[in-house]
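Everything below concerns the one structure shown next.
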Amino acid sequence: MYLTAEEKDMLAGKYGKGTALAMKVLVALGECFDAPRMVPVSRVHIASSKKEADLWFVQKMLDAGAYCRVASTLNPGYNPDYCREHLATSEKDIELLLRTCEAYQKIGAIPTYSCTPYLETNVPRFGEVVAFSETSVTVYVNSVLGARTNRESVQSSLCAAITGRVPEYGFLLDENRKGNILVEVQADIKSDFDYQLLGYCAKKIGPGVPVFTGLPTDISQEALINLGTQLNTAGAYAMFHIVGVTPEAPTIEEAFGDKGPQRVVVITEADLEAVLEEISLPPGKIDFALLGCPHYTLNQIREVAHMVAGKKLAVEMWVLTSTLNKELAARMGLLAMIEEAGGHVLDNTCIDQPCWEYLAGKIGVTDSPKCAYYSKRRGPDFIIRDLRTCVEAALKGEVS
Ligand code: F3S
């Protein structure tokens, strides 16, 4: 693998032991994928999940003197004050969270704790090479923004932040960004929620880079987030195209390049119905509603707030979002509407955290198949429905 003089110096330890270790990891990764060289990155997002292995790795780098050349944004953990008081989160878990956050702050990361950095704070431009990790993040920046990233891990993205480099392979290269599966959507896609189910059709679509046709072109930002998130959750996709919508697919020919599709998959109404039946509990009573995986946009918060304004929720309802959106929601009066109805808007918080052990044995409603999939291992189970049905259910205490 070709390394520049500066990269060789990093590997040799001239920039300190931490940088040398980070470069060693990246070189090994590059060799695995036959990368010819390193390329600079201008942005990084680390999907730090605040678990033991995460702390171990960042602490190892910190102890070796590493510091981020490229200040990286960070994924959410959970809001320790709220979770201690309302969700009975253990002091042991909170201590691990706080130690991990402190280590990332010391190494030079930006403590955004949002899983939608691509909407604010860390927004790459078209063609920019970046190192982003996290399910909704990688696929959104590749597909919707047209920036270039591989599906980085927590560790590889931290190494990229420390060195300012990534090995050049995979989705950084033109040839791997072309589509190879034509997905003809015959189902009538009417709502943002339908894109959650479409993304969860990964089993039928199969591995590769899907190119969707038959979708409306006035697709919302939320729908694009939903599609990518569920594709990546259900099938580890790094990228998709929608002809006439995403920037590398102005036409079907450009989406596929010279080779054309290797296979054609048709998605019908029956496929979406089958997915929903497979992943959701049947309608019935609920104990809670959990929304905001990925973190809700301001539009989604607004919709929830107007639905519950002046009413009282029958069950607990949490809406997870970024700190910026929570602040804006407060300024717009939306936060008060949700809180007066008995709901909670939580920033800095992810559904995949120990604080949600509080929900073990309960039945919830969510609009995110990803939320249901990840949360189940902590004990709750879910009915999955669109946002409006979720909020109506939270007001009534059941999904009818
Ligand atoms: Fe965000 Fe956590 Fe869901 S990072 S996408 S809330 S699993």
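Residue numbering restarts at 1 for every chain of the structure tokens, chains are lettered A, B, ... in their displayed order, and ligands are numbered from 1 as they appear.
Taking only C-alpha atoms and all ligand atoms into account, the protein and nucleic acid residues that come at most 8 Å from ligand 1 are Ala47, Ser49, Asn75, Pro76, Gly77, Ser114, Cys115, Thr116, Glu134, Thr135, Ser136, Thr229, Gly292, Cys293, Pro294, His295, Leu320, Thr349, Cys350, Ile351, Asp352, Gln353, Lys370, Cys371 and Tyr374 of chain A.
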Tell me which protein, DNA and RNA residues are within 6 Å of Leu290 in chain A, counting only C-alpha atoms, leaving out same-chain ones fewer than 4 positions away, and put them as a VMD selection string. chain A and resid 317 to 318 366
Please identify all polymer residues within 8 Å of Ala187 in chain A, counting only C-alpha atoms, omitting same-chain residues fewer than 5 positions from it, and present them as a PDB file with N, CA, C and O atoms, in the first residue's frame.
```
ATOM      1  N   ILE A 267     -41.196  -4.953  -5.955  1.00  0.00           N
ATOM      2  CA  ILE A 267     -41.772  -4.854  -4.599  1.00  0.00           C
ATOM      3  C   ILE A 267     -43.241  -4.429  -4.732  1.00  0.00           C
ATOM      4  O   ILE A 267     -43.547  -3.374  -5.300  1.00  0.00           O
ATOM      5  N   THR A 268     -44.097  -5.262  -4.199  1.00  0.00           N
ATOM      6  CA  THR A 268     -45.534  -5.005  -4.285  1.00  0.00           C
ATOM      7  C   THR A 268     -46.091  -4.638  -2.906  1.00  0.00           C
ATOM      8  O   THR A 268     -45.405  -4.774  -1.892  1.00  0.00           O
ATOM      9  N   GLU A 269     -47.342  -4.244  -2.924  1.00  0.00           N
ATOM     10  CA  GLU A 269     -48.077  -3.968  -1.678  1.00  0.00           C
ATOM     11  C   GLU A 269     -47.992  -5.174  -0.730  1.00  0.00           C
ATOM     12  O   GLU A 269     -47.818  -5.019   0.478  1.00  0.00           O
ATOM     13  N   ALA A 270     -48.107  -6.360  -1.317  1.00  0.00           N
ATOM     14  CA  ALA A 270     -48.103  -7.595  -0.498  1.00  0.00           C
ATOM     15  C   ALA A 270     -46.755  -7.759   0.214  1.00  0.00           C
ATOM     16  O   ALA A 270     -46.710  -8.260   1.347  1.00  0.00           O
ATOM     17  N   LEU A 272     -44.817  -5.298   1.326  1.00  0.00           N
ATOM     18  CA  LEU A 272     -44.798  -4.373   2.478  1.00  0.00           C
ATOM     19  C   LEU A 272     -45.663  -4.918   3.609  1.00  0.00           C
ATOM     20  O   LEU A 272     -45.286  -4.864   4.785  1.00  0.00           O
TER      21      LEU A 272
END
```
Would you give me, as a VMD selection string, the residues in range 154-310 of chain A that DSSP reads as strand (DSSP E or B)? chain A and resid 165 to 167 181 to 185 210 to 213 241 to 242 263 to 267 284 to 285 288 to 296
Suppose we keep N, CA and C atoms; can you now write the selection as an mmCIF file, in the first residue's frame?
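Dumped everything to out35.cif:
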```
data_model
loop_
_atom_site.group_PDB
_atom_site.id
_atom_site.type_symbol
_atom_site.label_atom_id
_atom_site.label_comp_id
_atom_site.auth_asym_id
_atom_site.auth_seq_id
_atom_site.Cartn_x
_atom_site.Cartn_y
_atom_site.Cartn_z
ATOM 1 N N ARG A 165 -7.030 10.431 7.796
ATOM 2 C CA ARG A 165 -6.914 9.583 6.594
ATOM 3 C C ARG A 165 -7.869 8.394 6.663
ATOM 4 N N VAL A 166 -8.207 7.866 5.485
ATOM 5 C CA VAL A 166 -8.856 6.549 5.385
ATOM 6 C C VAL A 166 -8.251 5.809 4.208
ATOM 7 N N PRO A 167 -8.223 4.478 4.267
ATOM 8 C CA PRO A 167 -7.781 3.729 3.085
ATOM 9 C C PRO A 167 -8.811 3.878 1.961
ATOM 10 N N ILE A 181 -28.758 -3.498 -8.605
ATOM 11 C CA ILE A 181 -30.063 -4.168 -8.490
ATOM 12 C C ILE A 181 -31.135 -3.151 -8.867
ATOM 13 N N LEU A 182 -31.957 -3.501 -9.824
ATOM 14 C CA LEU A 182 -33.086 -2.629 -10.170
ATOM 15 C C LEU A 182 -34.273 -3.031 -9.302
ATOM 16 N N VAL A 183 -34.762 -2.094 -8.494
ATOM 17 C CA VAL A 183 -35.914 -2.385 -7.634
ATOM 18 C C VAL A 183 -37.115 -1.600 -8.164
ATOM 19 N N GLU A 184 -38.006 -2.327 -8.803
ATOM 20 C CA GLU A 184 -39.216 -1.683 -9.345
ATOM 21 C C GLU A 184 -40.287 -1.709 -8.265
ATOM 22 N N VAL A 185 -40.630 -0.531 -7.773
ATOM 23 C CA VAL A 185 -41.617 -0.465 -6.689
ATOM 24 C C VAL A 185 -43.006 -0.333 -7.317
ATOM 25 N N PRO A 210 -29.041 -0.966 -4.456
ATOM 26 C CA PRO A 210 -30.339 -0.919 -5.135
ATOM 27 C C PRO A 210 -30.605 0.427 -5.812
ATOM 28 N N VAL A 211 -31.256 0.346 -6.957
ATOM 29 C CA VAL A 211 -31.717 1.535 -7.670
ATOM 30 C C VAL A 211 -33.246 1.442 -7.717
ATOM 31 N N PHE A 212 -33.905 2.358 -7.018
ATOM 32 C CA PHE A 212 -35.362 2.295 -6.922
ATOM 33 C C PHE A 212 -36.008 3.094 -8.052
ATOM 34 N N THR A 213 -37.000 2.486 -8.660
ATOM 35 C CA THR A 213 -37.857 3.215 -9.606
ATOM 36 C C THR A 213 -39.299 3.051 -9.133
ATOM 37 N N HIS A 241 -29.910 4.271 -4.650
ATOM 38 C CA HIS A 241 -30.244 5.365 -5.572
ATOM 39 C C HIS A 241 -31.753 5.388 -5.775
ATOM 40 N N ILE A 242 -32.283 6.577 -5.957
ATOM 41 C CA ILE A 242 -33.665 6.714 -6.430
ATOM 42 C C ILE A 242 -33.588 7.572 -7.680
ATOM 43 N N ARG A 263 -29.767 -7.914 -11.458
ATOM 44 C CA ARG A 263 -31.078 -8.559 -11.276
ATOM 45 C C ARG A 263 -32.142 -7.490 -11.076
ATOM 46 N N VAL A 264 -33.383 -7.930 -11.279
ATOM 47 C CA VAL A 264 -34.523 -7.027 -11.134
ATOM 48 C C VAL A 264 -35.423 -7.591 -10.041
ATOM 49 N N VAL A 265 -35.815 -6.737 -9.114
ATOM 50 C CA VAL A 265 -36.686 -7.157 -8.008
ATOM 51 C C VAL A 265 -37.928 -6.269 -8.056
ATOM 52 N N VAL A 266 -39.077 -6.896 -7.887
ATOM 53 C CA VAL A 266 -40.331 -6.126 -7.871
ATOM 54 C C VAL A 266 -40.875 -6.126 -6.446
ATOM 55 N N ILE A 267 -41.196 -4.953 -5.955
ATOM 56 C CA ILE A 267 -41.772 -4.854 -4.599
ATOM 57 C C ILE A 267 -43.241 -4.429 -4.732
ATOM 58 N N GLY A 284 -53.139 -3.949 19.722
ATOM 59 C CA GLY A 284 -53.552 -4.281 21.086
ATOM 60 C C GLY A 284 -53.151 -3.180 22.042
ATOM 61 N N LYS A 285 -53.247 -3.482 23.329
ATOM 62 C CA LYS A 285 -52.916 -2.495 24.377
ATOM 63 C C LYS A 285 -51.408 -2.209 24.353
ATOM 64 N N PHE A 288 -46.346 2.050 26.336
ATOM 65 C CA PHE A 288 -45.533 3.251 26.067
ATOM 66 C C PHE A 288 -45.401 3.457 24.557
ATOM 67 N N ALA A 289 -44.940 4.652 24.183
ATOM 68 C CA ALA A 289 -44.592 4.951 22.784
ATOM 69 C C ALA A 289 -43.155 5.476 22.760
ATOM 70 N N LEU A 290 -42.360 4.966 21.836
ATOM 71 C CA LEU A 290 -40.952 5.377 21.738
ATOM 72 C C LEU A 290 -40.694 5.821 20.296
ATOM 73 N N LEU A 291 -40.425 7.111 20.127
ATOM 74 C CA LEU A 291 -40.272 7.711 18.795
ATOM 75 C C LEU A 291 -38.914 8.406 18.695
ATOM 76 N N GLY A 292 -38.372 8.440 17.488
ATOM 77 C CA GLY A 292 -37.122 9.192 17.315
ATOM 78 C C GLY A 292 -35.898 8.322 17.122
ATOM 79 N N CYS A 293 -36.042 7.240 16.389
ATOM 80 C CA CYS A 293 -34.904 6.380 16.024
ATOM 81 C C CYS A 293 -34.952 6.213 14.515
ATOM 82 N N PRO A 294 -34.122 6.959 13.743
ATOM 83 C CA PRO A 294 -33.178 7.996 14.156
ATOM 84 C C PRO A 294 -33.892 9.216 14.769
ATOM 85 N N HIS A 295 -33.071 10.083 15.356
ATOM 86 C CA HIS A 295 -33.586 11.264 16.034
ATOM 87 C C HIS A 295 -34.585 12.022 15.166
ATOM 88 N N TYR A 296 -35.687 12.395 15.789
ATOM 89 C CA TYR A 296 -36.740 13.072 15.042
ATOM 90 C C TYR A 296 -36.283 14.440 14.533
#
```
Using only C-alpha atoms, pick whichever of A:Gly343, A:Gly30, A:Pro247, A:Gly65 has the shortest atom-to-atom distance to Ser156 in chain A. A:Gly30
Shell around Val41 in chain A at 12 Å using only C-alpha atoms, local window under 4 positions removed, as a PyMOL selection string: chain A and resi 45+68-72+124+127-132+147-150+157-168+172
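Picture a line from CA of Val209 in chain A to CA of Gly179 in chain A; it runs 4.7 Å.
Close contacts of Phe256 in chain A, defined as residues with an atom at most 7 Å away when counting only C-alpha atoms, with chain neighbours fewer than 4 positions off set aside, comprise Lys178, Gly179, Asn180, Ile252, Gly260 and Pro261 of chain A.
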Using DSSP on the backbone coordinates, identify all residues within range 104-173 of chain A classified as alpha helix (DSSP H); present the result as a PDB file with N, CA, C and O atoms, in the first residue's frame.
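This is the output file states02.pdb:
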```pdb
ATOM      1  N   TYR A 104     -13.891  10.810  25.085  1.00  0.00           N
ATOM      2  CA  TYR A 104     -14.057  11.367  23.737  1.00  0.00           C
ATOM      3  C   TYR A 104     -13.842  12.879  23.733  1.00  0.00           C
ATOM      4  O   TYR A 104     -13.290  13.435  22.784  1.00  0.00           O
ATOM      5  N   GLN A 105     -14.294  13.542  24.792  1.00  0.00           N
ATOM      6  CA  GLN A 105     -14.080  14.993  24.833  1.00  0.00           C
ATOM      7  C   GLN A 105     -12.593  15.302  24.922  1.00  0.00           C
ATOM      8  O   GLN A 105     -12.089  16.199  24.255  1.00  0.00           O
ATOM      9  N   LYS A 106     -11.871  14.505  25.731  1.00  0.00           N
ATOM     10  CA  LYS A 106     -10.417  14.740  25.866  1.00  0.00           C
ATOM     11  C   LYS A 106      -9.681  14.490  24.557  1.00  0.00           C
ATOM     12  O   LYS A 106      -8.664  15.105  24.281  1.00  0.00           O
ATOM     13  N   THR A 135     -25.732   3.442  11.361  1.00  0.00           N
ATOM     14  CA  THR A 135     -26.652   2.895  10.357  1.00  0.00           C
ATOM     15  C   THR A 135     -27.333   3.937   9.470  1.00  0.00           C
ATOM     16  O   THR A 135     -27.301   3.820   8.253  1.00  0.00           O
ATOM     17  N   SER A 136     -27.974   4.925  10.076  1.00  0.00           N
ATOM     18  CA  SER A 136     -28.706   5.880   9.229  1.00  0.00           C
ATOM     19  C   SER A 136     -27.730   6.861   8.581  1.00  0.00           C
ATOM     20  O   SER A 136     -27.980   7.375   7.499  1.00  0.00           O
ATOM     21  N   VAL A 137     -26.609   7.078   9.262  1.00  0.00           N
ATOM     22  CA  VAL A 137     -25.670   8.132   8.845  1.00  0.00           C
ATOM     23  C   VAL A 137     -24.941   7.761   7.559  1.00  0.00           C
ATOM     24  O   VAL A 137     -24.928   8.538   6.594  1.00  0.00           O
ATOM     25  N   THR A 138     -24.339   6.575   7.525  1.00  0.00           N
ATOM     26  CA  THR A 138     -23.505   6.213   6.363  1.00  0.00           C
ATOM     27  C   THR A 138     -24.330   6.194   5.089  1.00  0.00           C
ATOM     28  O   THR A 138     -23.927   6.736   4.064  1.00  0.00           O
ATOM     29  N   VAL A 139     -25.487   5.586   5.161  1.00  0.00           N
ATOM     30  CA  VAL A 139     -26.294   5.422   3.957  1.00  0.00           C
ATOM     31  C   VAL A 139     -26.863   6.769   3.507  1.00  0.00           C
ATOM     32  O   VAL A 139     -26.955   7.042   2.303  1.00  0.00           O
ATOM     33  N   TYR A 140     -27.186   7.654   4.440  1.00  0.00           N
ATOM     34  CA  TYR A 140     -27.735   8.967   4.070  1.00  0.00           C
ATOM     35  C   TYR A 140     -26.662   9.819   3.381  1.00  0.00           C
ATOM     36  O   TYR A 140     -26.917  10.425   2.341  1.00  0.00           O
ATOM     37  N   VAL A 154     -16.884   2.096  14.875  1.00  0.00           N
ATOM     38  CA  VAL A 154     -16.489   3.080  15.883  1.00  0.00           C
ATOM     39  C   VAL A 154     -14.967   3.243  15.852  1.00  0.00           C
ATOM     40  O   VAL A 154     -14.430   4.357  15.888  1.00  0.00           O
ATOM     41  N   GLN A 155     -14.274   2.097  15.782  1.00  0.00           N
ATOM     42  CA  GLN A 155     -12.809   2.118  15.883  1.00  0.00           C
ATOM     43  C   GLN A 155     -12.179   2.744  14.639  1.00  0.00           C
ATOM     44  O   GLN A 155     -11.279   3.574  14.736  1.00  0.00           O
ATOM     45  N   SER A 156     -12.633   2.321  13.449  1.00  0.00           N
ATOM     46  CA  SER A 156     -11.995   2.854  12.236  1.00  0.00           C
ATOM     47  C   SER A 156     -12.292   4.342  12.074  1.00  0.00           C
ATOM     48  O   SER A 156     -11.449   5.109  11.590  1.00  0.00           O
ATOM     49  N   SER A 157     -13.491   4.781  12.497  1.00  0.00           N
ATOM     50  CA  SER A 157     -13.776   6.220  12.366  1.00  0.00           C
ATOM     51  C   SER A 157     -12.945   7.030  13.361  1.00  0.00           C
ATOM     52  O   SER A 157     -12.481   8.125  13.036  1.00  0.00           O
ATOM     53  N   LEU A 158     -12.717   6.483  14.552  1.00  0.00           N
ATOM     54  CA  LEU A 158     -11.842   7.207  15.494  1.00  0.00           C
ATOM     55  C   LEU A 158     -10.418   7.284  14.940  1.00  0.00           C
ATOM     56  O   LEU A 158      -9.764   8.333  15.022  1.00  0.00           O
ATOM     57  N   CYS A 159      -9.941   6.188  14.348  1.00  0.00           N
ATOM     58  CA  CYS A 159      -8.582   6.205  13.745  1.00  0.00           C
ATOM     59  C   CYS A 159      -8.524   7.230  12.604  1.00  0.00           C
ATOM     60  O   CYS A 159      -7.506   7.911  12.426  1.00  0.00           O
ATOM     61  N   ALA A 160      -9.611   7.350  11.847  1.00  0.00           N
ATOM     62  CA  ALA A 160      -9.651   8.344  10.763  1.00  0.00           C
ATOM     63  C   ALA A 160      -9.607   9.756  11.336  1.00  0.00           C
ATOM     64  O   ALA A 160      -8.943  10.645  10.787  1.00  0.00           O
ATOM     65  N   ALA A 161     -10.305   9.971  12.450  1.00  0.00           N
ATOM     66  CA  ALA A 161     -10.297  11.302  13.069  1.00  0.00           C
ATOM     67  C   ALA A 161      -8.891  11.645  13.566  1.00  0.00           C
ATOM     68  O   ALA A 161      -8.441  12.785  13.463  1.00  0.00           O
ATOM     69  N   ILE A 162      -8.194  10.653  14.096  1.00  0.00           N
ATOM     70  CA  ILE A 162      -6.848  10.894  14.654  1.00  0.00           C
ATOM     71  C   ILE A 162      -5.823  11.170  13.546  1.00  0.00           C
ATOM     72  O   ILE A 162      -4.968  12.049  13.681  1.00  0.00           O
ATOM     73  N   THR A 163      -5.905  10.421  12.461  1.00  0.00           N
ATOM     74  CA  THR A 163      -4.893  10.555  11.400  1.00  0.00           C
ATOM     75  C   THR A 163      -5.316  11.515  10.290  1.00  0.00           C
ATOM     76  O   THR A 163      -4.477  11.989   9.516  1.00  0.00           O
TER      77      THR A 163
END
```
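A straight line drawn from CA of Glu31 in chain A to CA of Gly208 in chain A is 22.2 Å long.
Distance-wise, CA of Thr100 in chain A and CA of Leu55 in chain A end up 5.1 Å apart.
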Compile the contact shell of Ser220 in chain A as a PyMOL selection string: residues with an atom at most 12 Å away, counting only C-alpha atoms, same-chain residues fewer than 2 positions apart removed. chain A and resi 144+190-195+215-218+222-227+245-246+297+299-300
Write out as a PDB file with N, CA and C atoms, in the first residue's frame which residues come within 6 Å of range 11-21 of chain A when counting only C-alpha atoms, dropping same-chain ones fewer than 6 positions away.
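What landed in part-v4.pdb:
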```pdb
ATOM      1  N   MET A  61      -6.316   4.822  23.017  1.00  0.00           N
ATOM      2  CA  MET A  61      -5.796   5.860  22.128  1.00  0.00           C
ATOM      3  C   MET A  61      -5.369   7.103  22.926  1.00  0.00           C
ATOM      4  N   ALA A  64      -2.236   6.646  24.753  1.00  0.00           N
ATOM      5  CA  ALA A  64      -1.079   6.663  23.837  1.00  0.00           C
ATOM      6  C   ALA A  64      -0.850   8.071  23.282  1.00  0.00           C
ATOM      7  N   GLY A  65      -1.602   9.047  23.792  1.00  0.00           N
ATOM      8  CA  GLY A  65      -1.345  10.449  23.411  1.00  0.00           C
ATOM      9  C   GLY A  65      -2.059  10.905  22.158  1.00  0.00           C
ATOM     10  N   ALA A  66      -3.060  10.142  21.697  1.00  0.00           N
ATOM     11  CA  ALA A  66      -3.738  10.526  20.451  1.00  0.00           C
ATOM     12  C   ALA A  66      -4.646  11.728  20.662  1.00  0.00           C
TER      13      ALA A  66
END
```
Between A:Val319, A:Leu387, A:Ala305, A:Leu29, which residue has the minimum interatomic distance to Ser368 in chain A, considering only C-alpha atoms? A:Leu387
